[in-house]
file start07.tsv (TSV, C-alpha atoms and all ligand atoms)
chain	number	residue	atom	x	y	z
A	583	MET	CA	-102.79	27.36	-5.07
A	584	ASN	CA	-103.42	30.94	-6.23
A	585	TYR	CA	-99.75	31.83	-6.72
A	586	ALA	CA	-100.33	35.55	-7.28
A	587	GLU	CA	-102.44	35.87	-4.10
A	588	VAL	CA	-99.89	33.98	-1.97
A	589	GLU	CA	-96.97	36.07	-3.28
A	590	GLU	CA	-98.84	39.34	-2.70
A	591	ARG	CA	-99.80	38.32	0.85
A	592	ILE	CA	-96.37	37.05	1.91
A	593	LEU	CA	-93.81	38.82	-0.30
A	594	GLY	CA	-95.70	41.99	-1.27
A	595	GLY	CA	-94.57	45.39	-0.07
A	596	THR	CA	-91.38	45.88	-2.07
A	597	THR	CA	-92.58	44.61	-5.43
A	598	ALA	CA	-94.24	46.40	-8.35
A	599	ARG	CA	-96.11	43.89	-10.50
A	600	ARG	CA	-97.26	44.56	-14.04
A	601	GLY	CA	-100.22	42.18	-14.06
A	602	ASP	CA	-101.32	38.84	-12.71
A	603	VAL	CA	-98.83	36.86	-14.79
A	604	VAL	CA	-97.33	33.78	-13.09
A	605	ILE	CA	-94.20	32.57	-14.90
A	606	THR	CA	-93.54	28.85	-14.49
A	607	ARG	CA	-91.01	27.87	-17.19
A	608	GLY	CA	-88.32	29.35	-19.42
A	609	GLU	CA	-86.44	28.16	-22.49
A	610	GLY	CA	-84.05	30.25	-24.57
A	611	CYS	CA	-85.46	33.76	-25.04
A	612	TRP	CA	-88.98	32.70	-24.02
A	613	VAL	CA	-90.77	32.33	-20.70
A	614	TYR	CA	-94.16	30.62	-20.23
A	615	ASP	CA	-96.95	31.45	-17.78
A	616	ALA	CA	-99.11	29.07	-15.79
A	617	THR	CA	-101.72	29.04	-18.59
A	618	GLY	CA	-99.09	28.09	-21.19
A	619	LYS	CA	-98.94	31.55	-22.83
A	620	LYS	CA	-95.43	32.46	-23.98
A	621	TYR	CA	-93.57	35.75	-23.73
A	622	LEU	CA	-90.40	36.92	-25.48
A	623	ASP	CA	-88.09	37.99	-22.64
A	624	LEU	CA	-86.32	41.13	-23.86
A	625	GLY	CA	-85.39	41.95	-20.25
A	626	SER	CA	-83.43	38.72	-19.65
A	627	ALA	CA	-84.96	38.56	-16.14
A	628	GLN	CA	-83.31	41.86	-15.10
A	629	GLY	CA	-80.35	41.43	-17.41
A	630	VAL	CA	-79.32	38.05	-15.98
A	631	ALA	CA	-80.42	35.49	-18.59
A	632	MET	CA	-77.72	36.59	-21.04
A	633	LEU	CA	-77.55	32.99	-22.30
A	634	GLY	CA	-81.32	32.72	-22.40
A	635	HIS	CA	-83.31	30.72	-19.87
A	636	CYS	CA	-82.05	27.27	-18.90
A	637	HIS	CA	-79.10	27.21	-21.29
A	638	PRO	CA	-78.43	23.46	-21.78
A	639	ARG	CA	-74.74	23.79	-20.96
A	640	VAL	CA	-75.36	25.65	-17.69
A	641	THR	CA	-78.27	23.39	-16.73
A	642	ALA	CA	-76.17	20.27	-17.29
A	643	ALA	CA	-73.26	21.71	-15.29
A	644	ILE	CA	-75.55	22.58	-12.36
A	645	ALA	CA	-77.21	19.14	-12.43
A	646	GLU	CA	-73.87	17.34	-12.53
A	647	GLN	CA	-72.41	19.47	-9.74
A	648	ALA	CA	-75.57	19.02	-7.65
A	649	GLU	CA	-74.90	15.29	-7.67
A	650	THR	CA	-71.19	15.71	-6.92
A	651	LEU	CA	-70.61	18.46	-4.34
A	652	THR	CA	-72.71	21.55	-3.66
A	653	LEU	CA	-70.79	23.19	-0.79
A	654	CYS	CA	-67.15	23.65	0.07
A	655	PRO	CA	-66.08	26.29	2.62
A	656	ASN	CA	-63.13	28.48	1.72
A	657	TYR	CA	-60.85	26.88	4.34
A	658	LEU	CA	-60.75	23.91	1.94
A	659	TYR	CA	-59.74	23.98	-1.73
A	660	ASN	CA	-62.14	22.95	-4.45
A	661	ASP	CA	-61.64	21.86	-8.06
A	662	LYS	CA	-64.58	23.80	-9.56
A	663	ARG	CA	-63.77	27.02	-7.66
A	664	ALA	CA	-60.19	26.94	-8.91
A	665	GLU	CA	-61.25	26.21	-12.51
A	666	PHE	CA	-63.83	28.98	-12.42
A	667	ALA	CA	-61.48	31.53	-10.82
A	668	GLN	CA	-58.89	30.81	-13.52
A	669	ALA	CA	-61.47	31.06	-16.33
A	670	LEU	CA	-62.79	34.36	-14.96
A	671	VAL	CA	-59.34	35.90	-14.58
A	672	ASP	CA	-58.60	34.79	-18.16
A	673	VAL	CA	-61.40	37.02	-19.53
A	674	LEU	CA	-60.66	39.95	-17.20
A	675	PRO	CA	-58.07	42.63	-18.05
A	676	GLU	CA	-54.54	41.46	-17.19
A	677	HIS	CA	-54.05	44.09	-14.51
A	678	LEU	CA	-56.88	42.55	-12.44
A	679	PRO	CA	-55.58	39.07	-11.59
A	680	HIS	CA	-57.54	38.55	-8.32
A	681	VAL	CA	-61.25	38.04	-7.60
A	682	PHE	CA	-63.52	37.72	-4.59
A	683	LEU	CA	-66.56	35.49	-5.14
A	684	ALA	CA	-69.90	36.63	-3.72
A	685	ASN	CA	-73.59	35.97	-4.36
A	686	SER	CA	-75.12	39.14	-5.79
A	687	GLY	CA	-74.36	42.49	-7.36
A	688	ALA	CA	-74.87	44.56	-4.23
A	689	GLU	CA	-72.63	42.19	-2.28
A	690	ALA	CA	-69.90	42.63	-4.90
A	691	VAL	CA	-70.22	46.43	-4.64
A	692	ASP	CA	-70.09	46.33	-0.83
A	693	GLY	CA	-66.94	44.21	-0.98
A	694	ALA	CA	-65.28	46.56	-3.46
A	695	LEU	CA	-66.10	49.57	-1.25
A	696	LYS	CA	-64.62	47.76	1.75
A	697	PHE	CA	-61.41	46.90	-0.13
A	698	ALA	CA	-61.10	50.55	-1.24
A	699	ARG	CA	-61.35	51.71	2.37
A	700	LEU	CA	-58.86	49.08	3.53
A	701	PHE	CA	-56.37	49.98	0.81
A	702	THR	CA	-56.59	53.77	1.04
A	703	LYS	CA	-57.44	54.06	4.75
A	704	ARG	CA	-59.91	56.76	3.68
A	705	PRO	CA	-63.65	56.86	4.45
A	706	ALA	CA	-65.58	58.53	1.64
A	707	PHE	CA	-66.85	57.75	-1.86
A	708	VAL	CA	-67.70	59.67	-5.02
A	709	ALA	CA	-70.39	58.36	-7.37
A	710	ALA	CA	-72.52	59.74	-10.21
A	711	THR	CA	-76.01	61.18	-10.38
A	712	LYS	CA	-78.41	58.57	-11.76
A	713	GLY	CA	-75.92	55.78	-10.91
A	714	PHE	CA	-77.31	52.52	-9.56
A	715	HIS	CA	-75.20	50.09	-7.52
A	716	GLY	CA	-77.66	48.06	-5.42
A	717	ARG	CA	-79.75	48.15	-2.27
A	718	THR	CA	-77.61	46.92	0.65
A	719	LEU	CA	-76.49	49.75	2.93
A	720	GLY	CA	-73.03	50.05	1.33
A	721	ALA	CA	-74.26	49.82	-2.25
A	722	LEU	CA	-77.21	52.12	-1.47
A	723	SER	CA	-74.78	54.77	-0.20
A	724	VAL	CA	-73.34	55.16	-3.71
A	725	THR	CA	-76.67	54.64	-5.51
A	726	TRP	CA	-78.16	58.00	-6.47
A	727	GLU	CA	-81.97	57.71	-6.65
A	728	PRO	CA	-83.28	59.72	-3.67
A	729	LYS	CA	-86.44	57.62	-3.33
A	730	TYR	CA	-84.36	54.45	-2.82
A	731	ARG	CA	-82.25	56.16	-0.13
A	732	GLU	CA	-85.03	57.93	1.74
A	733	GLY	CA	-85.83	56.26	5.04
A	734	PHE	CA	-82.44	54.51	5.29
A	735	LEU	CA	-80.21	57.44	6.26
A	736	PRO	CA	-77.52	57.93	7.43
A	737	LEU	CA	-75.56	55.94	4.89
A	738	LEU	CA	-71.81	55.89	4.11
A	739	GLU	CA	-70.32	59.24	3.18
A	740	ALA	CA	-70.78	59.66	-0.58
A	741	THR	CA	-70.89	62.64	-2.96
A	742	HIS	CA	-72.83	62.32	-6.22
A	743	VAL	CA	-71.46	64.33	-9.14
A	744	GLN	CA	-73.22	64.99	-12.44
A	745	PHE	CA	-72.62	61.99	-14.76
A	746	ASN	CA	-70.31	62.97	-17.64
A	747	ASP	CA	-69.18	66.20	-15.91
A	748	ALA	CA	-65.39	65.91	-15.48
A	749	ALA	CA	-65.12	69.33	-13.79
A	750	ALA	CA	-67.54	68.20	-11.08
A	751	LEU	CA	-65.36	65.13	-10.48
A	752	ASP	CA	-62.33	67.38	-10.14
A	753	LYS	CA	-64.07	69.31	-7.35
A	754	ALA	CA	-65.41	66.22	-5.55
A	755	ILE	CA	-62.32	63.95	-5.33
A	756	GLY	CA	-60.27	64.96	-2.30
A	757	ASP	CA	-58.20	63.68	0.63
A	758	PRO	CA	-61.09	61.72	2.22
A	759	THR	CA	-61.98	59.93	-1.06
A	760	ALA	CA	-61.35	56.20	-0.91
A	761	ALA	CA	-62.85	55.53	-4.33
A	762	VAL	CA	-64.90	56.77	-7.23
A	763	ILE	CA	-67.50	54.26	-8.39
A	764	LEU	CA	-69.10	54.51	-11.84
A	765	GLU	CA	-71.00	52.54	-14.46
A	766	VAL	CA	-69.62	52.90	-17.99
A	767	VAL	CA	-73.20	52.74	-19.26
A	768	GLN	CA	-75.79	53.60	-16.63
A	769	GLY	CA	-78.45	50.92	-16.84
A	770	GLU	CA	-81.26	51.53	-14.39
A	771	SER	CA	-81.56	55.25	-15.10
A	772	GLY	CA	-81.83	55.25	-18.87
A	773	VAL	CA	-78.91	53.56	-20.71
A	774	ASN	CA	-76.71	56.66	-20.48
A	775	VAL	CA	-73.32	56.09	-22.06
A	776	GLY	CA	-70.31	57.55	-20.21
A	777	THR	CA	-68.10	59.78	-22.37
A	778	PRO	CA	-64.44	58.72	-22.78
A	779	ASP	CA	-63.43	62.15	-21.41
A	780	PHE	CA	-65.40	61.72	-18.21
A	781	LEU	CA	-64.31	58.12	-17.62
A	782	HIS	CA	-60.64	58.88	-18.22
A	783	ALA	CA	-60.83	62.03	-16.08
A	784	ALA	CA	-62.10	59.82	-13.25
A	785	GLN	CA	-59.17	57.44	-13.72
A	786	ARG	CA	-56.58	60.22	-13.93
A	787	LEU	CA	-57.93	62.16	-10.93
A	788	CYS	CA	-58.10	58.98	-8.82
A	789	ARG	CA	-54.46	58.16	-9.65
A	790	GLU	CA	-53.28	61.73	-8.97
A	791	ARG	CA	-55.11	61.95	-5.63
A	792	GLY	CA	-54.58	58.46	-4.19
A	793	ALA	CA	-58.17	57.25	-4.60
A	794	LEU	CA	-59.23	54.04	-6.35
A	795	LEU	CA	-61.50	53.70	-9.38
A	796	ILE	CA	-64.26	51.08	-9.12
A	797	VAL	CA	-66.23	50.27	-12.26
A	798	ASP	CA	-69.60	48.61	-11.77
A	799	GLU	CA	-69.96	46.13	-14.65
A	800	ILE	CA	-72.83	44.28	-13.01
A	801	GLN	CA	-75.22	45.09	-15.87
A	802	THR	CA	-72.68	45.73	-18.64
A	803	GLY	CA	-70.34	42.76	-18.12
A	804	PHE	CA	-70.11	39.52	-20.14
A	805	GLY	CA	-70.87	40.91	-23.56
A	806	ARG	CA	-73.94	43.01	-22.82
A	807	THR	CA	-72.40	46.03	-24.60
A	808	GLY	CA	-70.59	44.05	-27.32
A	809	THR	CA	-67.26	43.58	-25.50
A	810	TRP	CA	-66.50	41.28	-22.55
A	811	PHE	CA	-66.52	44.37	-20.32
A	812	ALA	CA	-67.71	47.88	-21.15
A	813	ILE	CA	-64.35	49.36	-20.03
A	814	GLU	CA	-62.86	47.88	-23.21
A	815	HIS	CA	-64.66	50.46	-25.37
A	816	THR	CA	-62.44	53.22	-23.98
A	817	GLY	CA	-59.42	51.30	-22.64
A	818	LEU	CA	-60.23	52.20	-19.04
A	819	GLU	CA	-58.12	50.47	-16.35
A	820	PRO	CA	-60.03	50.58	-13.05
A	821	ASP	CA	-58.60	49.24	-9.78
A	822	LEU	CA	-61.69	47.13	-9.16
A	823	ILE	CA	-64.53	45.77	-11.32
A	824	CYS	CA	-67.84	44.56	-9.87
A	825	MET	CA	-69.70	41.76	-11.64
A	826	ALA	CA	-72.92	39.74	-11.21
A	827	LYS	CA	-75.97	39.22	-13.50
A	828	GLY	CA	-74.50	37.30	-16.50
A	829	LEU	CA	-71.65	35.88	-14.40
A	830	GLY	CA	-73.42	32.70	-13.25
A	831	GLY	CA	-75.41	32.03	-16.45
A	832	GLY	CA	-78.59	32.46	-14.39
A	833	PHE	CA	-77.28	31.03	-11.11
A	834	PRO	CA	-77.05	33.71	-8.35
A	835	MET	CA	-73.48	34.89	-8.26
A	836	GLY	CA	-71.48	38.10	-7.78
A	837	ALA	CA	-67.76	38.86	-7.85
A	838	PHE	CA	-65.29	41.69	-7.87
A	839	ALA	CA	-61.84	41.75	-9.42
A	840	TYR	CA	-58.89	43.71	-8.04
A	841	THR	CA	-55.23	44.55	-8.58
A	842	ARG	CA	-52.04	43.00	-7.22
A	843	ALA	CA	-51.47	46.11	-5.09
A	844	ILE	CA	-54.82	45.59	-3.35
A	845	ARG	CA	-54.05	41.90	-2.87
A	846	GLU	CA	-50.96	42.89	-0.89
A	847	VAL	CA	-52.95	44.64	1.85
A	848	LEU	CA	-55.34	41.72	2.41
A	849	THR	CA	-54.98	39.45	5.41
A	850	PRO	CA	-56.87	36.17	6.03
A	851	GLY	CA	-60.39	36.96	7.21
A	852	ALA	CA	-60.33	40.53	5.85
A	853	HIS	CA	-63.56	39.67	4.01
A	854	GLY	CA	-65.66	36.54	3.61
A	855	SER	CA	-68.91	34.88	2.52
A	856	THR	CA	-70.42	31.52	3.52
A	857	PHE	CA	-72.05	30.85	0.16
A	858	GLY	CA	-69.75	32.88	-2.10
A	859	GLY	CA	-67.87	30.69	-4.57
A	860	SER	CA	-69.83	27.50	-3.84
A	861	PRO	CA	-68.93	24.60	-6.16
A	862	ILE	CA	-72.42	24.68	-7.68
A	863	ALA	CA	-72.23	28.43	-8.46
A	864	CYS	CA	-68.73	27.97	-9.85
A	865	ALA	CA	-69.82	25.05	-12.05
A	866	ALA	CA	-72.62	27.25	-13.44
A	867	GLY	CA	-70.25	30.19	-13.89
A	868	LEU	CA	-67.65	28.06	-15.64
A	869	ALA	CA	-70.24	26.67	-18.07
A	870	ALA	CA	-71.51	30.21	-18.70
A	871	LEU	CA	-68.03	31.59	-19.47
A	872	GLU	CA	-67.42	28.69	-21.87
A	873	ALA	CA	-70.75	29.37	-23.59
A	874	TYR	CA	-70.04	33.10	-24.06
A	875	ARG	CA	-66.67	32.21	-25.59
A	876	ASP	CA	-67.49	29.08	-27.63
A	877	GLU	CA	-70.76	30.44	-29.05
A	878	GLY	CA	-69.16	33.75	-30.08
A	879	LEU	CA	-71.75	35.68	-28.08
A	880	ILE	CA	-69.68	38.77	-27.33
A	881	ARG	CA	-69.24	39.68	-30.99
A	882	ARG	CA	-72.83	38.63	-31.65
A	883	SER	CA	-74.01	41.21	-29.09
A	884	ALA	CA	-72.17	43.99	-30.94
A	885	THR	CA	-73.55	42.96	-34.35
A	886	LEU	CA	-77.11	42.16	-33.32
A	887	GLY	CA	-77.26	45.24	-31.07
A	888	ALA	CA	-76.46	47.58	-33.98
A	889	GLN	CA	-78.95	45.70	-36.15
A	890	MET	CA	-81.69	45.86	-33.50
A	891	ARG	CA	-81.23	49.63	-33.04
A	892	ASN	CA	-81.51	50.12	-36.81
A	893	THR	CA	-84.61	47.95	-37.04
A	894	LEU	CA	-86.16	49.89	-34.13
A	895	ARG	CA	-85.34	53.19	-35.85
A	896	GLY	CA	-87.00	51.99	-39.05
A	897	ALA	CA	-90.11	50.64	-37.29
A	898	LEU	CA	-90.52	53.79	-35.16
A	899	GLU	CA	-89.66	56.38	-37.77
A	900	GLY	CA	-91.93	59.41	-37.56
A	901	VAL	CA	-93.53	58.25	-34.29
A	902	THR	CA	-93.71	61.45	-32.24
A	903	ALA	CA	-93.86	59.62	-28.90
A	904	VAL	CA	-90.25	58.48	-29.46
A	905	ARG	CA	-87.55	60.93	-28.38
A	906	ASP	CA	-84.42	58.82	-28.88
A	907	ILE	CA	-83.12	55.32	-29.59
A	908	ARG	CA	-79.64	54.60	-28.24
A	909	GLY	CA	-77.41	51.97	-26.70
A	910	LEU	CA	-74.29	49.89	-26.96
A	911	GLY	CA	-74.38	46.22	-28.04
A	912	LEU	CA	-77.54	44.53	-26.82
A	913	MET	CA	-78.14	47.21	-24.16
A	914	ILE	CA	-80.75	49.41	-25.79
A	915	ALA	CA	-83.02	52.29	-24.78
A	916	VAL	CA	-86.10	53.65	-26.50
A	917	GLU	CA	-86.72	56.99	-24.82
A	918	LEU	CA	-90.30	58.22	-25.00
A	919	ARG	CA	-91.85	61.65	-24.56
A	920	THR	CA	-94.49	60.02	-22.35
A	921	LYS	CA	-94.52	57.63	-19.38
A	922	VAL	CA	-93.23	54.16	-20.23
A	923	ALA	CA	-95.36	52.17	-17.72
A	924	PRO	CA	-98.39	51.73	-20.03
A	925	VAL	CA	-96.11	50.56	-22.87
A	926	LEU	CA	-94.47	47.96	-20.62
A	927	LYS	CA	-97.85	46.65	-19.52
A	928	SER	CA	-99.38	46.53	-23.00
A	929	LEU	CA	-96.23	44.93	-24.41
A	930	MET	CA	-96.44	42.13	-21.87
A	931	LEU	CA	-100.19	41.54	-21.61
A	932	THR	CA	-101.25	42.23	-25.21
A	933	HIS	CA	-98.14	41.58	-27.29
A	934	GLY	CA	-96.36	38.88	-25.27
A	935	VAL	CA	-93.07	40.74	-24.86
A	936	ILE	CA	-91.34	41.40	-21.54
A	937	SER	CA	-89.17	44.52	-21.33
A	938	LEU	CA	-87.80	46.81	-18.63
A	939	PRO	CA	-88.13	50.44	-17.61
A	940	ALA	CA	-85.11	52.69	-17.00
A	941	GLY	CA	-86.49	55.74	-15.25
A	942	PRO	CA	-90.04	57.02	-15.95
A	943	THR	CA	-89.84	57.45	-19.75
A	944	VAL	CA	-87.30	54.92	-21.03
A	945	LEU	CA	-88.04	51.45	-22.37
A	946	ARG	CA	-84.92	49.35	-21.71
A	947	LEU	CA	-84.11	46.25	-23.74
A	948	LEU	CA	-81.55	43.73	-22.49
A	949	PRO	CA	-82.23	40.73	-24.75
A	950	PRO	CA	-80.43	37.44	-24.20
A	951	LEU	CA	-77.26	37.38	-26.32
A	952	VAL	CA	-78.53	34.15	-27.92
A	953	ILE	CA	-81.54	35.93	-29.45
A	954	SER	CA	-82.17	35.15	-33.14
A	955	GLU	CA	-82.80	37.68	-35.89
A	956	SER	CA	-86.42	36.53	-36.24
A	957	GLU	CA	-86.96	36.92	-32.49
A	958	ILE	CA	-85.53	40.46	-32.72
A	959	ASP	CA	-87.98	41.20	-35.55
A	960	PHE	CA	-90.89	39.83	-33.53
A	961	GLY	CA	-89.86	41.98	-30.53
A	962	VAL	CA	-89.34	45.15	-32.58
A	963	GLN	CA	-92.72	44.83	-34.36
A	964	ALA	CA	-94.43	44.32	-30.98
A	965	ILE	CA	-92.69	47.38	-29.51
A	966	ALA	CA	-93.65	49.51	-32.50
A	967	ARG	CA	-97.29	48.38	-32.24
A	968	ALA	CA	-97.46	48.98	-28.48
A	969	ILE	CA	-96.03	52.51	-28.79
A	970	LYS	CA	-98.19	53.42	-31.81
A	971	GLU	CA	-101.35	52.09	-30.15
A	972	LEU	CA	-100.76	54.33	-27.14
A	973	GLU	CA	-100.21	57.30	-29.40
A	974	ALA	CA	-103.45	56.63	-31.30
A	1001	LIG	C1	-75.21	48.46	-12.35
A	1001	LIG	C2	-75.79	47.65	-11.23
A	1001	LIG	N1	-75.13	47.57	-10.07
A	1001	LIG	C3	-75.61	46.85	-9.03
A	1001	LIG	C4	-76.80	46.16	-9.12
A	1001	LIG	C5	-77.31	45.38	-7.96
A	1001	LIG	O1	-77.25	44.01	-8.20
A	1001	LIG	P1	-78.12	42.99	-7.32
A	1001	LIG	O2	-79.55	43.28	-7.61
A	1001	LIG	O3	-77.68	41.63	-7.77
A	1001	LIG	O4	-77.78	43.25	-5.89
A	1001	LIG	C6	-77.53	46.22	-10.32
A	1001	LIG	C7	-78.83	45.54	-10.44
A	1001	LIG	O5	-79.67	45.85	-11.24
A	1001	LIG	C8	-77.01	46.99	-11.39
A	1001	LIG	O6	-77.66	47.09	-12.57
call {"tool": "encode", "arguments": {"input": "start07.tsv", "output": "structure tokens"}}
result
Amino acid sequence: MNYAEVEERILGGTTARRGDVVITRGEGCWVYDATGKKYLDLGSAQGVAMLGHCHPRVTAAIAEQAETLTLCPNYLYNDKRAEFAQALVDVLPEHLPHVFLANSGAEAVDGALKFARLFTKRPAFVAATKGFHGRTLGALSVTWEPKYREGFLPLLEATHVQFNDAAALDKAIGDPTAAVILEVVQGESGVNVGTPDFLHAAQRLCRERGALLIVDEIQTGFGRTGTWFAIEHTGLEPDLICMAKGLGGGFPMGAFAYTRAIREVLTPGAHGSTFGGSPIACAAGLAALEAYRDEGLIRRSATLGAQMRNTLRGALEGVTAVRDIRGLGLMIAVELRTKVAPVLKSLMLTHGVISLPAGPTVLRLLPPLVISESEIDFGVQAIARAIKELEA
């Protein structure tokens, strides 16, 4: 079978491929194509493979659960769901003792928006320019990028304020505002770090005006920025946190956490999901949480992230195409003065390194937290060569 041709014919239309590469296997930080060529995955398959590909602990948990029980509707209790829910609440901030289990990031965002409306009895949302929250109609309403929204209007009522502009937030949050939704570090649009002033202004204004604060930790959660959750960097206490990506250790999973006060307004059937919280997803999620904790990966992300940024700075010193190198933990951006697309393509096809864009000029690196120092060196040298070659 010509896999690329079949995918283009049947699934094409919403995808943007970077070459005819067909990936068939993954192990640790590496993925392998159908010809056996290997690639260092510095994108973690869109930020998901935080434990690398096919982490033995997660793989074993999925296999064991697949032979035991794969489905259990939420009108029955389940051992794995309870164990996972407890383990997840144990790593979340204490003021968020409840979670809803879903299947993706956008689904987690939609659920959080619904809970905010239910709790506040208000209709509207405030989000940030350049924020990304997903593609379902609810999540798309608070996502900023005009080209993603075009063609799908009207969406939910949402105002987008300049990211890191506290005065703009002050003007936008009003009586109709059910919630403000923000990323602490904006991923898709360039690894833009939220200032403590802006984030805390959002929290204070929400509290003063009866709106809720939702933090989208879908990309930043589970150690990506060097702490379990990015809110820990500034001591933020949102009313809801959305999670996905690293949550299931590679298994599709989403979730959002919420406060006791929100729990009090919920009634049976207020929200639901057929597949959300399946025993197999929960077994994967439980193994993933244990791996993050037992392998010390959260601290490792902070240390290796700082080291990787320094190594990048050294390797790219004096390269005029590079405008900035920034990030938090193992969430790193190399901002260029030119378009990033040719760098991404050359990195993958010539140098065997997979990376991500974040907007038109930013190379985004979200390496697995299990990456070794020698793999970081290999990746950094490849990035430096790919950028220098394009400059030449
Ligand atoms: C911050 C953020 N929110 C939401 C989403 C949407 O998640 P999903 O693609 O699982 O729906 C993403 C995905 O990239 C994301 O980075």
call {"tool": "residues_near_ligand", "arguments": {"input": "start07.tsv", "ligand": "ligand LIG 1001 (chain A)", "cutoff": "10 Å", "atoms": "all atoms listed in the file", "output": "mmCIF file with C-alpha atoms, in the frame of the given file"}}
result
data_model
loop_
_atom_site.group_PDB
_atom_site.id
_atom_site.type_symbol
_atom_site.label_atom_id
_atom_site.label_comp_id
_atom_site.auth_asym_id
_atom_site.auth_seq_id
_atom_site.Cartn_x
_atom_site.Cartn_y
_atom_site.Cartn_z
ATOM 1 C CA GLN A 628 -83.310 41.860 -15.100
ATOM 2 C CA GLY A 629 -80.350 41.430 -17.410
ATOM 3 C CA VAL A 630 -79.320 38.050 -15.980
ATOM 4 C CA ASN A 685 -73.590 35.970 -4.360
ATOM 5 C CA SER A 686 -75.120 39.140 -5.790
ATOM 6 C CA GLY A 687 -74.360 42.490 -7.360
ATOM 7 C CA ALA A 688 -74.870 44.560 -4.230
ATOM 8 C CA GLU A 689 -72.630 42.190 -2.280
ATOM 9 C CA ALA A 690 -69.900 42.630 -4.900
ATOM 10 C CA VAL A 691 -70.220 46.430 -4.640
ATOM 11 C CA ASP A 692 -70.090 46.330 -0.830
ATOM 12 C CA GLY A 713 -75.920 55.780 -10.910
ATOM 13 C CA PHE A 714 -77.310 52.520 -9.560
ATOM 14 C CA HIS A 715 -75.200 50.090 -7.520
ATOM 15 C CA GLY A 716 -77.660 48.060 -5.420
ATOM 16 C CA ARG A 717 -79.750 48.150 -2.270
ATOM 17 C CA THR A 718 -77.610 46.920 0.650
ATOM 18 C CA ALA A 721 -74.260 49.820 -2.250
ATOM 19 C CA LEU A 722 -77.210 52.120 -1.470
ATOM 20 C CA THR A 725 -76.670 54.640 -5.510
ATOM 21 C CA LEU A 764 -69.100 54.510 -11.840
ATOM 22 C CA GLU A 765 -71.000 52.540 -14.460
ATOM 23 C CA VAL A 766 -69.620 52.900 -17.990
ATOM 24 C CA VAL A 767 -73.200 52.740 -19.260
ATOM 25 C CA GLN A 768 -75.790 53.600 -16.630
ATOM 26 C CA GLY A 769 -78.450 50.920 -16.840
ATOM 27 C CA GLU A 770 -81.260 51.530 -14.390
ATOM 28 C CA SER A 771 -81.560 55.250 -15.100
ATOM 29 C CA VAL A 797 -66.230 50.270 -12.260
ATOM 30 C CA ASP A 798 -69.600 48.610 -11.770
ATOM 31 C CA GLU A 799 -69.960 46.130 -14.650
ATOM 32 C CA ILE A 800 -72.830 44.280 -13.010
ATOM 33 C CA GLN A 801 -75.220 45.090 -15.870
ATOM 34 C CA THR A 802 -72.680 45.730 -18.640
ATOM 35 C CA GLY A 803 -70.340 42.760 -18.120
ATOM 36 C CA CYS A 824 -67.840 44.560 -9.870
ATOM 37 C CA MET A 825 -69.700 41.760 -11.640
ATOM 38 C CA ALA A 826 -72.920 39.740 -11.210
ATOM 39 C CA LYS A 827 -75.970 39.220 -13.500
ATOM 40 C CA PRO A 834 -77.050 33.710 -8.350
ATOM 41 C CA MET A 835 -73.480 34.890 -8.260
ATOM 42 C CA GLY A 836 -71.480 38.100 -7.780
#
call {"tool": "closest_residue", "arguments": {"input": "start07.tsv", "among": "A:His853, A:Arg599, A:Arg806, A:His782", "to": "Tyr874 of chain A", "atoms": "only C-alpha atoms"}}
result
A:Arg806
call {"tool": "closest_residue", "arguments": {"input": "start07.tsv", "among": "A:Ala865, A:Leu938, A:Ala667, A:Leu795", "to": "Thr652 of chain A", "atoms": "all atoms listed in the file"}}
result
A:Ala865
call {"tool": "closest_atom_pairs", "arguments": {"input": "start07.tsv", "of": "segment 797-891 of chain A", "to": "segment 737-761 of chain A", "cutoff": "12 Å", "atoms": "all atoms listed in the file", "output": "tab-separated table"}}
result
residue	atom	partner	partner_atom	distance
A:Val797	CA	A:Ala761	CA	10.1
A:Pro820	CA	A:Ala761	CA	10.4
A:Asp821	CA	A:Ala761	CA	9.3
A:Leu822	CA	A:Ala761	CA	9.8
call {"tool": "write_last_selection", "arguments": {"input": "start07.tsv", "atoms": "C-alpha atoms", "output": "compact mmCIF listing (two decimals), in the frame of the given file"}}
result
# COMPACT_ATOMS: atom_id res chain seq x y z
CA VAL A 797 -66.23 50.27 -12.26
CA PRO A 820 -60.03 50.58 -13.05
CA ASP A 821 -58.60 49.24 -9.78
CA LEU A 822 -61.69 47.13 -9.16
call {"tool": "residues_near_point", "arguments": {"input": "start07.tsv", "point": "(-85.5, 59.5, -14.0)", "cutoff": "9 Å", "atoms": "all atoms listed in the file", "output": "list in words"}}
result
Lys712, Glu727, Ser771, Gly772, Ala940, Gly941, Pro942, Thr943 and Val944 of chain A
call {"tool": "axis_aligned_box", "arguments": {"input": "start07.tsv", "around": "segment 851-861 of chain A", "padding_each_side": "6 Å", "output": "JSON"}}
result
{"center_x": -66.2, "center_y": 32.6, "center_z": 0.5, "size_x": 23.7, "size_y": 27.9, "size_z": 25.4}
call {"tool": "closest_residue", "arguments": {"input": "start07.tsv", "among": "A:Arg946, A:Arg875, A:Arg967, A:Arg845", "to": "His677 of chain A", "atoms": "all atoms listed in the file"}}
result
A:Arg845
